[in-house]
Number of protein chains: 2
Amino acid sequence: MELYKIHPQHYVSIDCVILGYQNDELKLLLYPRGFEPSKGKWSLLGGFIQQEESGDEAAARILKQTTGLEQIFLEQVEAFSVPNRDPEARVISLAYYALIRIDLHDEEKVKENGAYWVPIRKLPQLIFDHQAMFEKALAKLQQKAVYSLVGFELLPEKFTLIQLRKLYEAIFQREFDPGNFRKKILSLGVLEKLSEKDPSESRKGAFYYKAKSNIEEIGIDRIVKF
Amino acid sequence: MELYKIHPQHYVSIDCVILGYQNDELKLLLYPRGFEPSKGKWSLLGGFIQQEESGDEAAARILKQTTGLEQIFLEQVEAFSVPNRDPEARVISLAYYALIRIDLHDEEKVKENGAYWVPIRKLPQLIFDHQAMFEKALAKLQQKAVYSLVGFELLPEKFTLIQLRKLYEAIFQREFDPGNFRKKILSLGVLEKLSEKDPSESRKGAFYYKAKSNIEEIGIDRIVKF
DNA sequence: ACAAAAGTGTTTAGATTACACCCATGA
DNA sequence: TCATGGGTGTAATCTAAACACTTTTGT
């Protein structure tokens with residue numbers, strides 16, 4: 001321990017790339033920073049890591065504070081550690097990304113923070129290196145989406161295959177052939193067809209599906225090919 | 001800045017998963033830790049991040065100190081931040097992985113540190129969470145190797161396709177069909193055939209190849225399929 | 001000429017892609 | 001019955017994988 005004392009200590013913060021899905025587009029939760037430096041500019045939601053918590057725990061705490069949600073998908077992106085990334089002090093930040101269902105989050109809490117859901121196509125300028133954090137997070141989400149149906153985290157319990165396709169189109173920022181997408185997904189055998197239909201988008205209506213409960217056991221193949 | 005002062009500060013260390021390739025197998029550079037806690041147990045090479053350096057810079061510094069090499073492939077794995085991961089004090093560690101050519105490294109420096117190259121199939125017990133760091137690093141290397149010929153970092157300038165295949169077999173811990181591997185790699189168009197042969201492995205001899213200089217411009221396809 | 005490794009070719013099975021077509025339904 | 005998305009089928013293309021075959025060379 002004495003040996004460690006010759007080394008400097010640093011503030012370590014958490015910044016969360018909180019992604020939700022609404023109106024066929026991915027949205028990022030941002031808030032205007034309420035204190036200096038960069039007061040009023042747009043920022044990811046964050047906080048400082050405390051003495052007795054891990055990064056994962058700190059990120060979960062911040063997520064709960066700001067959205068009211070617990071037990072949601074949360075994964076580390078990476079550490080950002082350039083000395084002057086925060087002009088006010090040396091702060092090393094651990095970036096995380098979370099996928100949440102916008103329909104479930106606590107709107108009150110979000111309003112308290114003055115936070116907004118911003119479509120990822122129309123992001124404002126972000127403070128510090130938060131743009132880079134977002135980009136890395138999106139890249140990680142895409143990677144993850146290739147091998148696992150991580151998209152379920154962003155959709156309600158029951159959803160149509162059209163909704164699922166549009167979500168994947170939002171994640172990958174490109175279109176998929178409707179027929180081929182449907183066949184590919186169904187061939188994975190991870191969805192269960194419900195008898196109920198979603199009548200809101202067409203006269204015919206599209207059947208709802210839900211994720212099978214034992215997905216973990218099922219080997220999930222590659223979903224999209226680059 | 002005053003606002004930051006209410007938050008705790010932490011030691012932030014770097015741990016490097018330094019991988020090399022020798023005798024058809026991947027090796028990891030380890031050393032017996034020279035100080036408490038866990039003195040004498042096997043450890044990744046590491047150090048503490050200083051006031052005016054980024055994580056990348058700190059990792060490069062440590063790598064140079066221990067192997068004498070500069071400008072080599074180095075990438076962050078992720079931050080490890082469980083509070084008691086180091087029993088002596090709260091230390092948040094940024095794990096990095098590096099790929100080096102064992103034939104080029106400074107053996108003197110490595111000996112000074114008492115470090116050894118250990119085949120990844122026969123790793124001893126490591127301290128703290130260093131085993132997890134290694135596993136994540138290997139997974140990241142595999143991911144990377146699927147889409148880019150990162151393997152070049154581990155081979156000498158000129159190499160045969162057989163050497164390249166064996167390297168990939170070491171990275172993925174499985175065998176590839178010699179004929180198919182050759183065709184796949186050559187079809188990527190990133191290798192240049194040399195007129196010289198490596199006579200050491202057979203009477204016929206295998207042609208040397210080298211990486212084309214403008215690889216970055218060439219779109220590299222998927223190399224192995226999971 | 002032969003052994004042994006390097007390198008090529010062929011065949012099959014399966015996946016991807018593009019796109020035409022049928023279906024169900026409310027107005 | 002018809003317009004509109006929802007959903008299915010099919011043919012052309014590409015890729016992976018297994019494995020037989022040919023080439024080169026020192027002894």
# chains A, B, ... in the order shown; residues from 1 in each chain; ligands from 1
$ residues_around --residues "Pro87 in chain A" --least-positions-apart "6" --cutoff "12 Å" --atoms "only C-alpha atoms (C1' of nucleotides)" --output "ChimeraX atom specification"
/A:36-38,127-129 /B:1
$ closest_atom_pairs --of "chain D" --to "chain A" --cutoff "12 Å" --atoms "only C-alpha atoms (C1' of nucleotides)" --output "JSON lines"
{"residue": "D:DA3", "atom": "C1'", "partner": "A:Arg203", "partner_atom": "CA", "distance": 10.0}
{"residue": "D:DT4", "atom": "C1'", "partner": "A:Ser202", "partner_atom": "CA", "distance": 6.9}
{"residue": "D:DG5", "atom": "C1'", "partner": "A:Ser202", "partner_atom": "CA", "distance": 5.6}
{"residue": "D:DG6", "atom": "C1'", "partner": "A:Ala206", "partner_atom": "CA", "distance": 6.1}
{"residue": "D:DG7", "atom": "C1'", "partner": "A:Gly179", "partner_atom": "CA", "distance": 7.7}
{"residue": "D:DT8", "atom": "C1'", "partner": "A:Gly179", "partner_atom": "CA", "distance": 8.2}
{"residue": "D:DG9", "atom": "C1'", "partner": "A:Gly179", "partner_atom": "CA", "distance": 10.3}
$ write_last_selection --atoms "C-alpha atoms (C1' of nucleotides)" --output "CSV table (one decimal), in the first residue's frame"
chain,number,residue,atom,x,y,z
D,3,DA,C1',-55.9,-0.7,-52.4
D,4,DT,C1',-52.5,-1.6,-48.9
D,5,DG,C1',-49.3,-3.5,-46.4
D,6,DG,C1',-48.3,-8.5,-44.6
D,7,DG,C1',-46.4,-12.6,-45.8
D,8,DT,C1',-44.5,-16.6,-49.0
D,9,DG,C1',-41.9,-18.7,-52.9
$ closest_atom_pairs --of "chain C" --to "chain A" --cutoff "9 Å" --atoms "only C-alpha atoms (C1' of nucleotides)" --output "Markdown table"
| residue | atom | partner | partner_atom | distance |
| --- | --- | --- | --- | --- |
| C:DT16 | C1' | A:Asn180 | CA | 8.8 |
| C:DT17 | C1' | A:Asn180 | CA | 8.2 |
| C:DA18 | C1' | A:Asp177 | CA | 8.8 |
| C:DC23 | C1' | A:Lys204 | CA | 8.9 |
| C:DA24 | C1' | A:Lys204 | CA | 5.2 |
| C:DT25 | C1' | A:Lys204 | CA | 4.5 |
| C:DG26 | C1' | A:Arg203 | CA | 5.7 |
$ write_last_selection --atoms "C-alpha atoms (C1' of nucleotides)" --output "compact mmCIF listing (two decimals), in the first residue's frame"
# COMPACT_ATOMS: atom_id res chain seq x y z
C1' DT C 16 -27.61 -14.58 -49.38
C1' DT C 17 -29.95 -11.66 -52.46
C1' DA C 18 -33.28 -9.81 -55.48
C1' DC C 23 -53.02 -13.14 -48.94
C1' DA C 24 -56.10 -10.87 -45.65
C1' DT C 25 -58.69 -7.12 -44.52
C1' DG C 26 -61.44 -2.65 -43.97
$ interface_residues --of "chain A" --to "chain B" --cutoff "10 Å" --atoms "only C-alpha atoms" --output "count of residues only"
51
$ atom_distance --atom1 "CA of Val118 in chain A" --atom2 "CA of Leu26 in chain A"
8.3 Å
$ atom_distance --atom1 "CA of Ala137 in chain B" --atom2 "CA of Leu104 in chain B"
21.8 Å
$ select_by_dssp --residues "range 142-210 of chain B" --states "alpha helix (DSSP H)" --output "list in words"
Gln142, Gln143, Lys144, Ala145, Val146, Tyr147, Leu161, Ile162, Gln163, Leu164, Arg165, Lys166, Leu167, Tyr168, Glu169, Ala170, Ile171, Phe172, Pro178, Gly179, Asn180, Phe181, Arg182, Lys183, Lys184, Ile185, Leu186 and Ser187 of chain B
$ write_last_selection --atoms "N, CA and C atoms" --output "PDB file, in the first residue's frame"
ATOM      1  N   GLN B 142      -9.532 -11.996 -31.242  1.00  0.00           N
ATOM      2  CA  GLN B 142     -10.257 -12.856 -32.181  1.00  0.00           C
ATOM      3  C   GLN B 142     -11.255 -12.036 -32.983  1.00  0.00           C
ATOM      4  N   GLN B 143     -12.004 -11.197 -32.314  1.00  0.00           N
ATOM      5  CA  GLN B 143     -12.962 -10.326 -32.993  1.00  0.00           C
ATOM      6  C   GLN B 143     -12.259  -9.528 -34.074  1.00  0.00           C
ATOM      7  N   LYS B 144     -11.151  -8.941 -33.670  1.00  0.00           N
ATOM      8  CA  LYS B 144     -10.406  -8.077 -34.579  1.00  0.00           C
ATOM      9  C   LYS B 144      -9.868  -8.876 -35.765  1.00  0.00           C
ATOM     10  N   ALA B 145      -9.431 -10.090 -35.485  1.00  0.00           N
ATOM     11  CA  ALA B 145      -8.816 -10.910 -36.526  1.00  0.00           C
ATOM     12  C   ALA B 145      -9.820 -11.351 -37.576  1.00  0.00           C
ATOM     13  N   VAL B 146     -11.112 -11.309 -37.231  1.00  0.00           N
ATOM     14  CA  VAL B 146     -12.137 -11.703 -38.189  1.00  0.00           C
ATOM     15  C   VAL B 146     -12.222 -10.690 -39.324  1.00  0.00           C
ATOM     16  N   TYR B 147     -12.038  -9.433 -39.005  1.00  0.00           N
ATOM     17  CA  TYR B 147     -12.259  -8.402 -40.004  1.00  0.00           C
ATOM     18  C   TYR B 147     -10.997  -7.701 -40.490  1.00  0.00           C
ATOM     19  N   LEU B 161       2.383 -18.577 -46.267  1.00  0.00           N
ATOM     20  CA  LEU B 161       0.962 -18.733 -45.965  1.00  0.00           C
ATOM     21  C   LEU B 161       0.744 -19.807 -44.906  1.00  0.00           C
ATOM     22  N   ILE B 162       1.670 -20.734 -44.820  1.00  0.00           N
ATOM     23  CA  ILE B 162       1.557 -21.756 -43.790  1.00  0.00           C
ATOM     24  C   ILE B 162       1.772 -21.128 -42.409  1.00  0.00           C
ATOM     25  N   GLN B 163       2.757 -20.234 -42.329  1.00  0.00           N
ATOM     26  CA  GLN B 163       2.977 -19.545 -41.057  1.00  0.00           C
ATOM     27  C   GLN B 163       1.762 -18.725 -40.661  1.00  0.00           C
ATOM     28  N   LEU B 164       1.197 -18.034 -41.658  1.00  0.00           N
ATOM     29  CA  LEU B 164       0.024 -17.211 -41.376  1.00  0.00           C
ATOM     30  C   LEU B 164      -1.135 -18.075 -40.885  1.00  0.00           C
ATOM     31  N   ARG B 165      -1.298 -19.224 -41.523  1.00  0.00           N
ATOM     32  CA  ARG B 165      -2.384 -20.117 -41.107  1.00  0.00           C
ATOM     33  C   ARG B 165      -2.163 -20.605 -39.683  1.00  0.00           C
ATOM     34  N   LYS B 166      -0.938 -20.977 -39.380  1.00  0.00           N
ATOM     35  CA  LYS B 166      -0.674 -21.470 -38.024  1.00  0.00           C
ATOM     36  C   LYS B 166      -0.900 -20.385 -36.982  1.00  0.00           C
ATOM     37  N   LEU B 167      -0.591 -19.151 -37.358  1.00  0.00           N
ATOM     38  CA  LEU B 167      -0.865 -18.052 -36.444  1.00  0.00           C
ATOM     39  C   LEU B 167      -2.363 -17.939 -36.177  1.00  0.00           C
ATOM     40  N   TYR B 168      -3.141 -18.009 -37.264  1.00  0.00           N
ATOM     41  CA  TYR B 168      -4.586 -17.914 -37.074  1.00  0.00           C
ATOM     42  C   TYR B 168      -5.118 -19.104 -36.291  1.00  0.00           C
ATOM     43  N   GLU B 169      -4.504 -20.242 -36.475  1.00  0.00           N
ATOM     44  CA  GLU B 169      -4.917 -21.399 -35.682  1.00  0.00           C
ATOM     45  C   GLU B 169      -4.600 -21.181 -34.207  1.00  0.00           C
ATOM     46  N   ALA B 170      -3.485 -20.494 -33.951  1.00  0.00           N
ATOM     47  CA  ALA B 170      -3.136 -20.202 -32.551  1.00  0.00           C
ATOM     48  C   ALA B 170      -4.103 -19.183 -31.955  1.00  0.00           C
ATOM     49  N   ILE B 171      -4.477 -18.201 -32.765  1.00  0.00           N
ATOM     50  CA  ILE B 171      -5.389 -17.165 -32.257  1.00  0.00           C
ATOM     51  C   ILE B 171      -6.766 -17.753 -31.980  1.00  0.00           C
ATOM     52  N   PHE B 172      -7.244 -18.580 -32.905  1.00  0.00           N
ATOM     53  CA  PHE B 172      -8.611 -19.094 -32.757  1.00  0.00           C
ATOM     54  C   PHE B 172      -8.668 -20.444 -32.067  1.00  0.00           C
ATOM     55  N   PRO B 178      -5.973 -26.221 -44.955  1.00  0.00           N
ATOM     56  CA  PRO B 178      -4.862 -25.504 -45.609  1.00  0.00           C
ATOM     57  C   PRO B 178      -5.246 -24.899 -46.954  1.00  0.00           C
ATOM     58  N   GLY B 179      -5.897 -25.675 -47.790  1.00  0.00           N
ATOM     59  CA  GLY B 179      -6.252 -25.178 -49.113  1.00  0.00           C
ATOM     60  C   GLY B 179      -7.241 -24.036 -49.056  1.00  0.00           C
ATOM     61  N   ASN B 180      -8.268 -24.212 -48.264  1.00  0.00           N
ATOM     62  CA  ASN B 180      -9.297 -23.181 -48.192  1.00  0.00           C
ATOM     63  C   ASN B 180      -8.759 -21.893 -47.563  1.00  0.00           C
ATOM     64  N   PHE B 181      -7.925 -22.044 -46.546  1.00  0.00           N
ATOM     65  CA  PHE B 181      -7.355 -20.863 -45.895  1.00  0.00           C
ATOM     66  C   PHE B 181      -6.530 -20.056 -46.895  1.00  0.00           C
ATOM     67  N   ARG B 182      -5.693 -20.772 -47.623  1.00  0.00           N
ATOM     68  CA  ARG B 182      -4.859 -20.118 -48.634  1.00  0.00           C
ATOM     69  C   ARG B 182      -5.699 -19.338 -49.640  1.00  0.00           C
ATOM     70  N   LYS B 183      -6.746 -20.008 -50.142  1.00  0.00           N
ATOM     71  CA  LYS B 183      -7.566 -19.342 -51.170  1.00  0.00           C
ATOM     72  C   LYS B 183      -8.282 -18.121 -50.599  1.00  0.00           C
ATOM     73  N   LYS B 184      -8.808 -18.293 -49.393  1.00  0.00           N
ATOM     74  CA  LYS B 184      -9.518 -17.181 -48.757  1.00  0.00           C
ATOM     75  C   LYS B 184      -8.614 -15.963 -48.568  1.00  0.00           C
ATOM     76  N   ILE B 185      -7.443 -16.210 -48.018  1.00  0.00           N
ATOM     77  CA  ILE B 185      -6.515 -15.101 -47.764  1.00  0.00           C
ATOM     78  C   ILE B 185      -6.085 -14.437 -49.071  1.00  0.00           C
ATOM     79  N   LEU B 186      -5.726 -15.268 -50.064  1.00  0.00           N
ATOM     80  CA  LEU B 186      -5.264 -14.689 -51.324  1.00  0.00           C
ATOM     81  C   LEU B 186      -6.367 -13.894 -52.007  1.00  0.00           C
ATOM     82  N   SER B 187      -7.620 -14.360 -51.839  1.00  0.00           N
ATOM     83  CA  SER B 187      -8.722 -13.664 -52.501  1.00  0.00           C
ATOM     84  C   SER B 187      -8.933 -12.260 -51.927  1.00  0.00           C
TER      85      SER B 187
END
$ select_by_dssp --residues "range 68-179 of chain A" --states "strand (DSSP E)" --output "JSON, numbers by chain"
{"A": [73, 74, 75, 76, 77, 78, 79, 80, 91, 92, 93, 94, 95, 96, 97, 98, 99, 116, 117, 118, 119, 159, 160]}
$ residues_around --residues "Cys16 in chain A" --least-positions-apart "6" --cutoff "10 Å" --atoms "only C-alpha atoms (C1' of nucleotides)" --output "list in words"
Leu28, Leu29, Leu30, Ser43, Leu44, Leu45, Gly46, Gly47, Ala59, Ala60, Ile62, Leu63, Leu74, Glu75, Gln76, Val77, Leu94, Ala95, Tyr96, Tyr97, Ala98, His130, Met133, Phe134 and Ala137 of chain A
